[in-house]
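Inspection log for the structure reproduced underneath, given as structure tokens.
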Amino acid sequence: MKLIIATIKPFKLEEVRQALSDVGVTGMMVTEIKGYGAQSGHTEIYRGAEYAVNFVPKIRLDIVAQDADVDPILDTIQATAKTGKIGDGKIFVTNVEQAVRVRTGETGTDAV
Ligand SMILES: Nc1ncnc2c1ncn2[C@@H]1O[C@H](COP(=O)(O)OP(=O)(O)OP(=O)(O)O)[C@@H](O)[C@H]1O
Ligand SMILES: [Mg+2]
């Protein structure tokens with residue numbers, strides 16, 4: 001199992017959520033965050049100038065998925081979250097050791 005952590009632009013949330021549902025994603029965590037990437041939250045780079053970091057509102061998605069489903073999920077997020085402008089977000093993928101469905105006690109991929 002993998003954990004996919006994606007940051008997206010907030011106005012893209014519903015489109016991304018719907019597209020992920022269409023490829024079989026049945027659950028996710030959604031968090032309102034602030035962050036910054038290569039532009040330090042600015043829309044332009046002022047060469048040589050010092051400037052403060054701006055924290056920009058983003059949505060963070062946490063999705064735990066079976067290994068075989070990761071690539072379609074990554075493709076779907078990329079296709080739907082992309083505007084082509086800076087700040088479209090990042091996607092990170094890490095391993096997940098264990099999962100438990102509390103109601104039933106199911107573990108591993110059965111719990112996802
Ligand atoms: N190296 C990083 N580690 C953790 N989170 C990051 C990292 N880079 C970006 N993020 C998160 O992703 C959000 C969006 O980043 P962003 O899309 O601006 O990345 P970027 O590398 O600057 O790409 P772009 O040039 O397209 O803007 C940030 O607000 C931050 O929450
Ligand atoms: Mg950026």
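Residues are referred to by chain and number: the chain letter is A, B, ... according to the order shown in the structure tokens, the number counts from 1 in that chain, and ligands are numbered separately from 1 in the order shown.
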
Which residues of chain A sit at most 9 Å from ligand 2, using only C-alpha atoms and all ligand atoms? Give each one's shortest atom pair and distance in Å (one decimal place), in chain and ascending residue order, as a Markdown table.
| residue | atom | partner | partner_atom_place_in_ligand_line | distance |
| --- | --- | --- | --- | --- |
| A:Tyr36 | CA | ligand 2 | 1 (Mg) | 6.4 |
| A:Gly37 | CA | ligand 2 | 1 (Mg) | 4.2 |
| A:Ala38 | CA | ligand 2 | 1 (Mg) | 4.6 |
| A:Gln39 | CA | ligand 2 | 1 (Mg) | 4.8 |
| A:Ser40 | CA | ligand 2 | 1 (Mg) | 6.8 |
| A:Gly41 | CA | ligand 2 | 1 (Mg) | 6.4 |
| A:His42 | CA | ligand 2 | 1 (Mg) | 7.8 |
| A:Thr43 | CA | ligand 2 | 1 (Mg) | 8.0 |
| A:Lys85 | CA | ligand 2 | 1 (Mg) | 8.8 |
| A:Ile86 | CA | ligand 2 | 1 (Mg) | 5.0 |
| A:Gly87 | CA | ligand 2 | 1 (Mg) | 4.1 |
| A:Asp88 | CA | ligand 2 | 1 (Mg) | 7.2 |
| A:Gly89 | CA | ligand 2 | 1 (Mg) | 7.2 |

#### Entry: Site check for ligand 1: residues at most 12 Å away, only C-alpha atoms and all ligand atoms, as a PyMOL selection string
chain A and resi 5-10+31-45+53-61+78+81-93

### Query
A:Ala52, A:Glu97, A:Ala19, A:Lys2: which is nearest Val70 in chain A, counting only C-alpha atoms?
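Closest candidate: A:Lys2.
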
### Task
Would you list the contacts of Gln18 in chain A as number ranges by chain, taking every protein, DNA or RNA residue within 12 Å and counting only C-alpha atoms, but skipping same-chain residues closer than 3 positions in sequence?
A: 12-15, 21-28, 73, 76-77, 80-81

Residue subset to file, keeping N, CA, C and O atoms, as an mmCIF file, in the first residue's frame:
data_model
loop_
_atom_site.group_PDB
_atom_site.id
_atom_site.type_symbol
_atom_site.label_atom_id
_atom_site.label_comp_id
_atom_site.auth_asym_id
_atom_site.auth_seq_id
_atom_site.Cartn_x
_atom_site.Cartn_y
_atom_site.Cartn_z
ATOM 1 N N LYS A 12 -9.792 23.607 -7.292
ATOM 2 C CA LYS A 12 -9.778 22.353 -8.048
ATOM 3 C C LYS A 12 -10.317 21.163 -7.244
ATOM 4 O O LYS A 12 -10.446 20.061 -7.781
ATOM 5 N N LEU A 13 -10.609 21.375 -5.979
ATOM 6 C CA LEU A 13 -10.932 20.232 -5.117
ATOM 7 C C LEU A 13 -12.080 19.385 -5.654
ATOM 8 O O LEU A 13 -11.964 18.166 -5.757
ATOM 9 N N GLU A 14 -13.192 20.005 -6.002
ATOM 10 C CA GLU A 14 -14.352 19.202 -6.383
ATOM 11 C C GLU A 14 -14.100 18.441 -7.691
ATOM 12 O O GLU A 14 -14.496 17.276 -7.832
ATOM 13 N N GLU A 15 -13.418 19.081 -8.630
ATOM 14 C CA GLU A 15 -13.096 18.412 -9.900
ATOM 15 C C GLU A 15 -12.164 17.220 -9.675
ATOM 16 O O GLU A 15 -12.369 16.131 -10.242
ATOM 17 N N SER A 21 -12.986 9.735 -7.713
ATOM 18 C CA SER A 21 -14.103 8.819 -7.484
ATOM 19 C C SER A 21 -14.353 7.971 -8.724
ATOM 20 O O SER A 21 -14.598 6.765 -8.636
ATOM 21 N N ASP A 22 -14.239 8.600 -9.889
ATOM 22 C CA ASP A 22 -14.474 7.897 -11.152
ATOM 23 C C ASP A 22 -13.443 6.799 -11.406
ATOM 24 O O ASP A 22 -13.732 5.844 -12.138
ATOM 25 N N VAL A 23 -12.208 6.931 -10.853
ATOM 26 C CA VAL A 23 -11.206 5.870 -11.029
ATOM 27 C C VAL A 23 -11.162 4.930 -9.826
ATOM 28 O O VAL A 23 -10.224 4.154 -9.680
ATOM 29 N N GLY A 24 -12.166 5.018 -8.940
ATOM 30 C CA GLY A 24 -12.317 4.008 -7.908
ATOM 31 C C GLY A 24 -11.811 4.363 -6.528
ATOM 32 O O GLY A 24 -11.799 3.507 -5.643
ATOM 33 N N VAL A 25 -11.399 5.611 -6.337
ATOM 34 C CA VAL A 25 -10.952 6.016 -4.997
ATOM 35 C C VAL A 25 -12.173 6.147 -4.097
ATOM 36 O O VAL A 25 -13.101 6.900 -4.404
ATOM 37 N N THR A 26 -12.174 5.399 -2.978
ATOM 38 C CA THR A 26 -13.349 5.366 -2.113
ATOM 39 C C THR A 26 -13.186 6.191 -0.844
ATOM 40 O O THR A 26 -14.157 6.356 -0.100
ATOM 41 N N GLY A 27 -11.989 6.672 -0.581
ATOM 42 C CA GLY A 27 -11.800 7.467 0.625
ATOM 43 C C GLY A 27 -10.583 8.349 0.517
ATOM 44 O O GLY A 27 -9.640 8.044 -0.223
ATOM 45 N N MET A 28 -10.597 9.447 1.227
ATOM 46 C CA MET A 28 -9.441 10.339 1.257
ATOM 47 C C MET A 28 -9.557 11.253 2.462
ATOM 48 O O MET A 28 -10.640 11.403 3.034
ATOM 49 N N ILE A 73 -4.108 6.923 -10.175
ATOM 50 C CA ILE A 73 -4.448 8.038 -9.287
ATOM 51 C C ILE A 73 -3.544 9.234 -9.570
ATOM 52 O O ILE A 73 -4.014 10.375 -9.663
ATOM 53 N N THR A 76 -4.625 10.848 -12.745
ATOM 54 C CA THR A 76 -5.894 11.567 -12.589
ATOM 55 C C THR A 76 -5.689 12.897 -11.887
ATOM 56 O O THR A 76 -6.241 13.933 -12.306
ATOM 57 N N ILE A 77 -4.882 12.892 -10.832
ATOM 58 C CA ILE A 77 -4.622 14.161 -10.127
ATOM 59 C C ILE A 77 -3.915 15.135 -11.055
ATOM 60 O O ILE A 77 -4.281 16.321 -11.138
ATOM 61 N N THR A 80 -6.326 16.568 -13.720
ATOM 62 C CA THR A 80 -7.426 17.436 -13.281
ATOM 63 C C THR A 80 -6.949 18.655 -12.493
ATOM 64 O O THR A 80 -7.617 19.691 -12.505
ATOM 65 N N ALA A 81 -5.811 18.548 -11.807
ATOM 66 C CA ALA A 81 -5.340 19.674 -10.984
ATOM 67 C C ALA A 81 -4.516 20.673 -11.776
ATOM 68 O O ALA A 81 -4.276 21.789 -11.325
#

### Query
If you run DSSP on the backbone, which residues of chain A are strand (DSSP E), as a list in words?
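Secondary structure check on chain A, strand (DSSP E): Lys2, Leu3, Ile4, Ile5, Ala6, Thr7, Ile8, Met29, Val30, Thr31, Glu32, Ile33, Lys34, Gly35, Val56, Pro57, Lys58, Ile59, Arg60, Leu61, Asp62, Ile63, Val64, Ala65, Ile91, Phe92, Val93, Thr94 and Asn95 of chain A.
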
#### Entry: Shell of 6 Å around Met1 in chain A, only C-alpha atoms, local chain residues under 5 positions omitted, as a ChimeraX atom specification
/A:65-67,96

### Task
Please return as an MDAnalysis selection string: the residues of chain A that backbone DSSP assigns to alpha helix (DSSP H).
chainID A and resid 13:22 67:81

### Task
Tell me which of A:Val16, A:Gly105, A:Thr94, A:Phe11 sits closest to Val64 in chain A, counting only C-alpha atoms.
A:Thr94

### Query
Could you work out how far CA of Pro72 in chain A lies from CA of Leu20 in chain A, giving the answer in Å with one decimal?
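Interatomic distance, CA of Leu20 in chain A to CA of Pro72 in chain A: 9.0 Å.
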
### Task
Work out how far CA of Ala79 in chain A is from CA of Ala99 in chain A, in Å to one decimal.
28.1 Å

#### Entry: Separation of CA of Ile4 in chain A from CA of Val100 in chain A, in Å and rounded to one decimal
17.3 Å
